[in-house]
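Beneath this line is the structure, given in structure tokens, with notes to follow.
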There are 2 protein chains.
Amino acid sequence: MDTAAKRLAWLPFLAREIPAGLATPADVARFELEQAGAKASLTVDPAMGEGWEISGDGITGGETGVLYGAYRLLMARAAGEAVPTGVQRPRYPLRMINCWDNAEGDIERGYSGRSLFFEGGRLSYDPARMRQLGRMLSSVGVNVLCINNVNVRDPAHRLIEDWLPELAALANIFRPFGVRLMVSIDYAQPMRHGVPTADPLDPQVQDWWTRQTAKVYEAIPDLAGYLVKADSEHRPGPFTYGRNHAEGANMLARALAPHGGVLVWRCFVYNCQQDWRDRVTDRPMAAYQHYSPLDGQFDDNVILQVKNGPFDFQVREPLSPLLLAMPKTRLAIELQLAQEYTGHQIDVYAMPPMWREVFDDMGADTVQAIAAVSNLGRDENYTGHPFAAANLFSYGLFAWNPDLSAEAVIRLWCRLTYALPADQEEALCRLLMESRSVYEQYTSPLGLCWMVNKMGHYGVGPDDYEFAAWGTYHRADRDAVGIDRTASGTGYLLQYPPALQARYADPATCPDNLLLFFHRLRYDHVMADGRALIQRIYDDHFEGYERAEAMAKTLAGLSLPSPDREEAARRMDMQLRNAREWCDVINTFFHRFSGADDAQGRTIY
Amino acid sequence: MDTAAKRLAWLPFLAREIPAGLATPADVARFELEQAGAKASLTVDPAMGEGWEISGDGITGGETGVLYGAYRLLMARAAGEAVPTGVQRPRYPLRMINCWDNAEGDIERGYSGRSLFFEGGRLSYDPARMRQLGRMLSSVGVNVLCINNVNVRDPAHRLIEDWLPELAALANIFRPFGVRLMVSIDYAQPMRHGVPTADPLDPQVQDWWTRQTAKVYEAIPDLAGYLVKADSEHRPGPFTYGRNHAEGANMLARALAPHGGVLVWRCFVYNCQQDWRDRVTDRPMAAYQHYSPLDGQFDDNVILQVKNGPFDFQVREPLSPLLLAMPKTRLAIELQLAQEYTGHQIDVYAMPPMWREVFDDMGADTVQAIAAVSNLGRDENYTGHPFAAANLFSYGLFAWNPDLSAEAVIRLWCRLTYALPADQEEALCRLLMESRSVYEQYTSPLGLCWMVNKMGHYGVGPDDYEFAAWGTYHRADRDAVGIDRTASGTGYLLQYPPALQARYADPATCPDNLLLFFHRLRYDHVMADGRALIQRIYDDHFEGYERAEAMAKTLAGLSLPSPDREEAARRMDMQLRNAREWCDVINTFFHRFSGADDAQGRTIY
């Protein structure tokens, strides 16, 4: 049971390892149904693709659909839930995980140990763990796995060169789970091979990619495609050659098109060498400025991948306006499971409530694909904090059906993973459902962002980014804090459609949790609830810490299995220290500026 | 000539490499005199020790004294100066350089390339360069070289174990230059060999050190001794066993005593895990609190090595009160040639004016030895910035004679190194003599300290240490800045003798450049010159930047030889950017707090 709980994530009832040699998703489905003692006939109808239907004792589905149906049936049984009726199809055809794993075996923003795929500058993995990972991904419907970091550092470029045989072997392992591989490529890769340029309009460059991509697809005919980070944070890209990103992306897309591959192009492009003295440039505006003029110019097999917010995975950001500005372009929304700015998988942070808001703001059909930065690593439990697995689980279900309720997904994860008594399950669900709001409240309750420790992004550092080149400023002074991003300020707000503009333009109607994202306000600004801004800053941080303490008490009362119980408790101690530090430092920081005493007389240092 | 200028530092007139095989200082002296065409007879009088006398055409001196006399004669000739008359003796018998070189070849706080002594986890050096270094050290009278970092990381402990033959070979190279080696040791070193403790009162520990030290002296009979950093910044030490530092140091001293070795014990001990909320603990008080009660308890061959200031090599600190509180203990003052907090050998920073102040404040006879953290590395010119060699040069001369004038030493270095036309020599001297004051003015003109970038200590970071565990706070708020360290505050001031207490206690008499070290003051505090504190902050930072610009102009007008000319110009560009950033960030930081506009209407961002 211990091993099962540790290694089997939310599938402790599938205790047998997947054997090598199962050839198709139907084979896997049969294996899983059998070990769970579920009698269900399988009928493969290729025309159904990823879709499936359960009726009576039978699962009918496409080649991968039968497996998704089988997992859904097994999870419903284990949870004591009814299976959905009618044909079930995913909303998005591409449901991707982006791993930021480096060939050396470290993971950029990885908080769960070293890479599952790489070590020592080469591919290196445990096949049994790959099959277990395939099972986990398939059970929640993830169908694309990009295994290497978008910052492609030597020697990871070799994945699509002389490492192709090993890459093909890995693809073979994941194929029976309906999981196709993707690779991140280096935009300047031809230059490693004597091509004197990476100009996308240069025939030599086009020719290199055409030929190399043909070799890639010869080895891995179902590769999902390439993922590219270009012209961002010192990565090479088409800007070097005076080309725009449509020209840059289309060149690669045309090399992929004959093979059915997609080109996923990240829109995380901004000036990371900004002068802090510059008050005109406003970093959240950058992606919209770069890409919206190019709408309609991208080939059909290009997908622009846009982060959910305009900054970079802060605890709260408004929806990226770019997502609403590209009606003639295929888009993917990019979420981040890795808790880079949200607690490093030390602090509890369940994401579904955030995703619910994001999809509601955006409209689920605004995008045609979905991606998430991985929180996986070589830790025994794959995700560092055992509860962080809830994010991977929930991501898969949301990617299949973005209309889901956050609470339903969380509850299903809790029930499958721990099978606690009803009151404890309820307590754990509430703890997880609250966790983002608690983290937000003790770190950045009013939408200010970036008061984080610059070294590693865990912990508080209110001025760490203030005089830096990253374009992320709060401009706090003795009177006020925040940046005016309305029409009277940087104009960022004008990038939104009118309805959202109206929602955010007036401090009186702007949600409190985004108030300081859009507005510069005096500390004596009266909030909707009648409190002064500075008092809200104090109250929220104190309350956030108190809620973290309450979470710790709740956690201590749960009869989780070992080692999750001890691991979660250990991390909760760290979270409480972190929360205390955030609360005290932020309150002190603003007290020093404002001189305003706390109305309740609590200690501010 | 280029090579000479690059590699021969201030001795370009000694262009011939020192050959291997010269056995004694007298041999070296003869070689140097001969190549310079200086006809002088040498008479060795062992009773004179390090002393020497030049009269007529003869140099009479002790075994090493003759070499010091020869170099002094050669430098005087080259500079067109008269040689001193009468017998010359050094003030301090131990004139030490502490290298912070790690066995892997990197240097902690090294800004001149990699280690001259280590690479890849072992001793690794160019013998010709060692001889050149021996010449440089000897020419200015340095007589002890500690080659490894006080933070002794694996495998550097092997220096006094299985690396002894290689260490002895290195000692042999330096011996003809009158330079004896010293090694930093790991206080817990016996525990690497099965001794279950490092308790200094444990007979097994005493026995291990006694036996190991005997082996060390068998290999290197003239080793100067051991250097120890204990109970500081996570280093092991006697506190672990409930012993005080006299007990800890004496144990090692007794192992060294039979062999004539000294035990140098660093007093850089403080709590590096301080809670920023704690307003009682005041880091500058720590060394005095730890050591002054132990005065008189140290063995005769123990030397307590005390940094010049109570913090850690900031651009300006008052004299460490500990230096004045140990009349019954042998002390060494520790200076830092490496420009850790003073510009990384990018910004020009000549130290003699600072040392002049330090010795005047302290009284040169307060200490019995002197040490300096090395600024040497494997760069072609040894010190990164060619002008940083002036600090090594001047340190040696001050260590010999702490009564020297800063300007005379700087001028001698300029003349020997560059032989510029008189007006240019004058300009370079002035530039160097001003350089510390310029750096101080654009970084920290009023004694505040620690507004430095926490990552690496180059560049500005006004709040980088403010909420950290290092005990280094400014506590700026909207009204005031600084920490009251007088009797009404932390009481640090009470650690000084009455005369210094009187000097610092009253803001009206405290020197401006230490005002915010000792006092917490409102921004509207009226300074001695009639300006408000906040206006002085602005004025000084603006003026500091303008003076840096003037330095750049002066530098551009000097006909330095290549590559020093280009190297100095390149670094000056970086210095100007650094100075601009310091000026603008600090002024902005305080403007945001104070809300006070600049009286001259200059731009504050």
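Note on naming: chains are A, B, ... as they come in the structure tokens, residues start from 1 per chain, ligands start from 1 in the order shown.
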
Please, which residues of chain B lie no more than 8 Å from chain A when the count uses only C-alpha atoms, and can they be set out as a list in words?
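Filtering chain B at 8 Å from chain A with only C-alpha atoms gives Arg277, Gly461, Asp463, Asp464, Phe467, Ala476, Asp477, Arg478, Val585, Arg592, Phe593, Ser594, Gly595 and Tyr605 of chain B.
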
Would you kindly return, as a PyMOL selection string, each protein, DNA or RNA residue with an atom no farther than 8 Å from any atom of Tyr187 of chain A, considering only C-alpha atoms and excluding same-chain residues fewer than 5 positions away?
chain A and resi 198+228-230+236-237

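Take atom CA of Pro284 of chain B and atom CA of Pro321 of chain B: the distance between them is 9.1 Å.
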
Non-local contacts of Gly141 of chain B (7 Å; only C-alpha atoms; under 3 positions in same chain excluded) as a PyMOL selection string
chain B and resi 68+137-138+396-397+400

Store the residues of this selection in a file with all heavy atoms, as a tab-separated table (two decimals), in the first residue's frame.
```
chain	number	residue	atom	x	y	z
B	68	TYR	N	65.51	42.61	0.96
B	68	TYR	CA	64.65	43.80	1.10
B	68	TYR	C	65.44	45.07	0.78
B	68	TYR	O	64.95	45.99	0.13
B	68	TYR	CB	64.06	43.88	2.51
B	68	TYR	CG	63.15	42.71	2.88
B	68	TYR	CD1	63.22	42.13	4.13
B	68	TYR	CD2	62.24	42.21	1.96
B	68	TYR	CE1	62.37	41.08	4.49
B	68	TYR	CE2	61.40	41.14	2.30
B	68	TYR	CZ	61.48	40.58	3.56
B	68	TYR	OH	60.65	39.55	3.90
B	137	LEU	N	56.24	40.03	-4.02
B	137	LEU	CA	55.98	40.09	-2.57
B	137	LEU	C	57.21	40.57	-1.83
B	137	LEU	O	57.15	41.45	-0.95
B	137	LEU	CB	55.53	38.72	-2.06
B	137	LEU	CG	54.20	38.20	-2.64
B	137	LEU	CD1	53.89	36.81	-2.08
B	137	LEU	CD2	53.04	39.15	-2.38
B	138	SER	N	58.35	40.01	-2.19
B	138	SER	CA	59.58	40.35	-1.51
B	138	SER	C	59.95	41.81	-1.73
B	138	SER	O	60.45	42.49	-0.82
B	138	SER	CB	60.69	39.43	-2.03
B	138	SER	OG	61.87	39.65	-1.32
B	396	GLY	N	52.24	46.16	1.08
B	396	GLY	CA	53.55	45.70	1.53
B	396	GLY	C	54.33	46.82	2.22
B	396	GLY	O	54.88	46.64	3.31
B	397	LEU	N	54.34	48.00	1.59
B	397	LEU	CA	55.10	49.10	2.18
B	397	LEU	C	54.50	49.57	3.51
B	397	LEU	O	55.23	49.88	4.46
B	397	LEU	CB	55.20	50.27	1.20
B	397	LEU	CG	55.90	49.98	-0.14
B	397	LEU	CD1	56.33	51.29	-0.81
B	397	LEU	CD2	57.11	49.06	0.01
B	400	TRP	N	55.35	47.18	6.28
B	400	TRP	CA	56.72	47.42	6.74
B	400	TRP	C	56.79	48.67	7.60
B	400	TRP	O	57.41	48.70	8.66
B	400	TRP	CB	57.65	47.56	5.53
B	400	TRP	CG	59.10	47.69	5.87
B	400	TRP	CD1	59.74	48.81	6.29
B	400	TRP	CD2	60.08	46.64	5.86
B	400	TRP	NE1	61.07	48.54	6.53
B	400	TRP	CE2	61.31	47.22	6.27
B	400	TRP	CE3	60.06	45.29	5.53
B	400	TRP	CZ2	62.50	46.49	6.36
B	400	TRP	CZ3	61.24	44.56	5.62
B	400	TRP	CH2	62.44	45.15	6.04
```

For atom CA of Val140 of chain B and atom CA of Glu108 of chain B, the interatomic separation in Å (one decimal)
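Value for the atom CA of Val140 of chain B-atom CA of Glu108 of chain B distance: 24.5 Å.
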
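Nearest-residue note for Ala505 of chain B: choosing from B:Met354, B:Arg522, B:Thr486, B:Gly601, the minimum distance belongs to B:Thr486, counting only C-alpha atoms.
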
Can you list every residue in segment 97-177 of chain B that DSSP puts in strand (DSSP E), as a count of residues only?
9

Just list the residues in segment 202-416 of chain B DSSP gives alpha helix (DSSP H) on the backbone, as a ChimeraX atom specification.
/B:203-219,245-256,286-291,352-362,389-400,406-416

List as a PDB file with N, CA and C atoms, in the first residue's frame the protein and nucleic acid residues near segment 80-96 of chain B, meaning an atom at most 9 Å away when only C-alpha atoms are counted, but skip any in the same chain fewer than 4 places from it.
```pdb
ATOM      1  N   MET B  48      70.847  40.721  11.990  1.00  0.00           N
ATOM      2  CA  MET B  48      69.960  41.818  11.590  1.00  0.00           C
ATOM      3  C   MET B  48      68.575  41.323  11.162  1.00  0.00           C
ATOM      4  N   GLY B  49      68.439  39.989  11.001  1.00  0.00           N
ATOM      5  CA  GLY B  49      67.103  39.447  10.668  1.00  0.00           C
ATOM      6  C   GLY B  49      66.565  40.029   9.382  1.00  0.00           C
ATOM      7  N   GLU B  50      65.420  40.687   9.475  1.00  0.00           N
ATOM      8  CA  GLU B  50      64.820  41.288   8.285  1.00  0.00           C
ATOM      9  C   GLU B  50      65.348  42.702   8.020  1.00  0.00           C
ATOM     10  N   GLY B  51      66.136  43.201   8.952  1.00  0.00           N
ATOM     11  CA  GLY B  51      66.608  44.564   8.815  1.00  0.00           C
ATOM     12  C   GLY B  51      67.716  44.709   7.784  1.00  0.00           C
ATOM     13  N   TRP B  52      67.956  45.943   7.367  1.00  0.00           N
ATOM     14  CA  TRP B  52      69.005  46.223   6.390  1.00  0.00           C
ATOM     15  C   TRP B  52      69.461  47.663   6.535  1.00  0.00           C
ATOM     16  N   GLU B  53      70.642  47.914   6.005  1.00  0.00           N
ATOM     17  CA  GLU B  53      71.159  49.286   5.980  1.00  0.00           C
ATOM     18  C   GLU B  53      71.947  49.453   4.687  1.00  0.00           C
ATOM     19  N   ILE B  54      71.753  50.612   4.055  1.00  0.00           N
ATOM     20  CA  ILE B  54      72.518  50.910   2.845  1.00  0.00           C
ATOM     21  C   ILE B  54      73.456  52.051   3.187  1.00  0.00           C
ATOM     22  N   SER B  55      74.718  51.807   2.954  1.00  0.00           N
ATOM     23  CA  SER B  55      75.666  52.907   3.161  1.00  0.00           C
ATOM     24  C   SER B  55      76.754  52.779   2.111  1.00  0.00           C
ATOM     25  N   GLY B  61      72.670  43.411   5.716  1.00  0.00           N
ATOM     26  CA  GLY B  61      71.350  43.035   6.227  1.00  0.00           C
ATOM     27  C   GLY B  61      71.329  41.615   6.707  1.00  0.00           C
ATOM     28  N   GLY B  65      66.949  40.372   5.079  1.00  0.00           N
ATOM     29  CA  GLY B  65      67.116  41.833   5.036  1.00  0.00           C
ATOM     30  C   GLY B  65      67.899  42.296   3.813  1.00  0.00           C
ATOM     31  N   GLY B  69      66.660  45.115   1.279  1.00  0.00           N
ATOM     32  CA  GLY B  69      67.501  46.284   1.009  1.00  0.00           C
ATOM     33  C   GLY B  69      67.789  46.436  -0.474  1.00  0.00           C
ATOM     34  N   ARG B  72      64.789  47.716  -2.243  1.00  0.00           N
ATOM     35  CA  ARG B  72      64.549  49.110  -1.902  1.00  0.00           C
ATOM     36  C   ARG B  72      65.524  50.007  -2.677  1.00  0.00           C
ATOM     37  N   LEU B  73      66.751  49.550  -2.775  1.00  0.00           N
ATOM     38  CA  LEU B  73      67.754  50.304  -3.536  1.00  0.00           C
ATOM     39  C   LEU B  73      67.347  50.409  -5.003  1.00  0.00           C
ATOM     40  N   MET B  75      64.391  50.092  -6.366  1.00  0.00           N
ATOM     41  CA  MET B  75      63.196  50.903  -6.580  1.00  0.00           C
ATOM     42  C   MET B  75      63.520  52.384  -6.414  1.00  0.00           C
ATOM     43  N   ALA B  76      64.351  52.702  -5.438  1.00  0.00           N
ATOM     44  CA  ALA B  76      64.733  54.106  -5.248  1.00  0.00           C
ATOM     45  C   ALA B  76      65.458  54.638  -6.485  1.00  0.00           C
ATOM     46  N   GLY B 141      58.156  43.567   0.740  1.00  0.00           N
ATOM     47  CA  GLY B 141      58.367  43.134   2.118  1.00  0.00           C
ATOM     48  C   GLY B 141      57.336  42.182   2.698  1.00  0.00           C
ATOM     49  N   VAL B 142      56.420  41.666   1.889  1.00  0.00           N
ATOM     50  CA  VAL B 142      55.474  40.673   2.413  1.00  0.00           C
ATOM     51  C   VAL B 142      56.248  39.391   2.715  1.00  0.00           C
ATOM     52  N   ASN B 143      56.022  38.790   3.893  1.00  0.00           N
ATOM     53  CA  ASN B 143      56.822  37.620   4.235  1.00  0.00           C
ATOM     54  C   ASN B 143      56.049  36.358   4.590  1.00  0.00           C
ATOM     55  N   VAL B 144      54.715  36.428   4.522  1.00  0.00           N
ATOM     56  CA  VAL B 144      53.910  35.218   4.762  1.00  0.00           C
ATOM     57  C   VAL B 144      52.807  35.146   3.716  1.00  0.00           C
ATOM     58  N   LEU B 145      52.643  33.975   3.134  1.00  0.00           N
ATOM     59  CA  LEU B 145      51.626  33.779   2.104  1.00  0.00           C
ATOM     60  C   LEU B 145      50.773  32.576   2.486  1.00  0.00           C
ATOM     61  N   CYS B 146      49.519  32.857   2.825  1.00  0.00           N
ATOM     62  CA  CYS B 146      48.590  31.754   3.106  1.00  0.00           C
ATOM     63  C   CYS B 146      47.837  31.466   1.813  1.00  0.00           C
ATOM     64  N   MET B 182      51.813  29.748   4.773  1.00  0.00           N
ATOM     65  CA  MET B 182      50.878  29.459   5.869  1.00  0.00           C
ATOM     66  C   MET B 182      49.720  28.687   5.236  1.00  0.00           C
ATOM     67  N   ALA B 224      54.872  29.171   8.388  1.00  0.00           N
ATOM     68  CA  ALA B 224      54.558  30.266   9.315  1.00  0.00           C
ATOM     69  C   ALA B 224      53.552  29.839  10.371  1.00  0.00           C
ATOM     70  N   ALA B 332      46.509  40.904  14.975  1.00  0.00           N
ATOM     71  CA  ALA B 332      46.810  41.327  13.606  1.00  0.00           C
ATOM     72  C   ALA B 332      45.606  42.102  13.095  1.00  0.00           C
ATOM     73  N   ALA B 364      49.538  52.650  15.321  1.00  0.00           N
ATOM     74  CA  ALA B 364      50.130  51.515  14.619  1.00  0.00           C
ATOM     75  C   ALA B 364      50.597  50.423  15.564  1.00  0.00           C
ATOM     76  N   ASP B 365      50.956  50.791  16.789  1.00  0.00           N
ATOM     77  CA  ASP B 365      51.519  49.779  17.694  1.00  0.00           C
ATOM     78  C   ASP B 365      50.456  48.989  18.463  1.00  0.00           C
ATOM     79  N   VAL B 367      48.614  46.813  17.131  1.00  0.00           N
ATOM     80  CA  VAL B 367      48.673  45.438  16.626  1.00  0.00           C
ATOM     81  C   VAL B 367      50.125  45.020  16.470  1.00  0.00           C
ATOM     82  N   GLN B 368      50.311  43.711  16.414  1.00  0.00           N
ATOM     83  CA  GLN B 368      51.663  43.156  16.314  1.00  0.00           C
ATOM     84  C   GLN B 368      51.893  42.444  14.986  1.00  0.00           C
ATOM     85  N   ALA B 369      50.879  42.431  14.167  1.00  0.00           N
ATOM     86  CA  ALA B 369      51.006  41.770  12.867  1.00  0.00           C
ATOM     87  C   ALA B 369      49.964  42.373  11.937  1.00  0.00           C
ATOM     88  N   ILE B 370      50.061  42.028  10.665  1.00  0.00           N
ATOM     89  CA  ILE B 370      49.149  42.607   9.678  1.00  0.00           C
ATOM     90  C   ILE B 370      48.895  41.576   8.594  1.00  0.00           C
ATOM     91  N   ALA B 371      47.651  41.552   8.149  1.00  0.00           N
ATOM     92  CA  ALA B 371      47.261  40.606   7.108  1.00  0.00           C
ATOM     93  C   ALA B 371      46.377  41.323   6.104  1.00  0.00           C
ATOM     94  N   ALA B 372      46.372  40.833   4.880  1.00  0.00           N
ATOM     95  CA  ALA B 372      45.465  41.377   3.872  1.00  0.00           C
ATOM     96  C   ALA B 372      44.958  40.243   2.999  1.00  0.00           C
ATOM     97  N   VAL B 373      43.673  40.297   2.732  1.00  0.00           N
ATOM     98  CA  VAL B 373      43.081  39.330   1.809  1.00  0.00           C
ATOM     99  C   VAL B 373      43.560  39.669   0.399  1.00  0.00           C
ATOM    100  N   GLY B 396      52.240  46.162   1.076  1.00  0.00           N
ATOM    101  CA  GLY B 396      53.546  45.701   1.533  1.00  0.00           C
ATOM    102  C   GLY B 396      54.327  46.819   2.220  1.00  0.00           C
ATOM    103  N   ALA B 399      52.810  47.667   5.529  1.00  0.00           N
ATOM    104  CA  ALA B 399      53.025  46.606   6.521  1.00  0.00           C
ATOM    105  C   ALA B 399      54.436  46.715   7.096  1.00  0.00           C
ATOM    106  N   TRP B 400      55.348  47.184   6.275  1.00  0.00           N
ATOM    107  CA  TRP B 400      56.715  47.424   6.742  1.00  0.00           C
ATOM    108  C   TRP B 400      56.791  48.669   7.599  1.00  0.00           C
ATOM    109  N   ASN B 401      56.082  49.704   7.137  1.00  0.00           N
ATOM    110  CA  ASN B 401      56.145  50.992   7.826  1.00  0.00           C
ATOM    111  C   ASN B 401      54.786  51.685   7.796  1.00  0.00           C
ATOM    112  N   PRO B 402      53.972  51.464   8.833  1.00  0.00           N
ATOM    113  CA  PRO B 402      52.606  52.022   8.833  1.00  0.00           C
ATOM    114  C   PRO B 402      52.560  53.523   9.028  1.00  0.00           C
TER     115      PRO B 402
END
```

Between A:Ser435, A:Thr443, A:Gln535, A:Thr383, single out the one closest to Ser115 of chain A, counting only C-alpha atoms.
A:Thr383

Between atom CA of Gln339 of chain B and atom CA of Lys553 of chain B, measure the distance and give it in Å to one decimal.
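Atom CA of Lys553 of chain B lies at a distance of 22.9 Å from atom CA of Gln339 of chain B.
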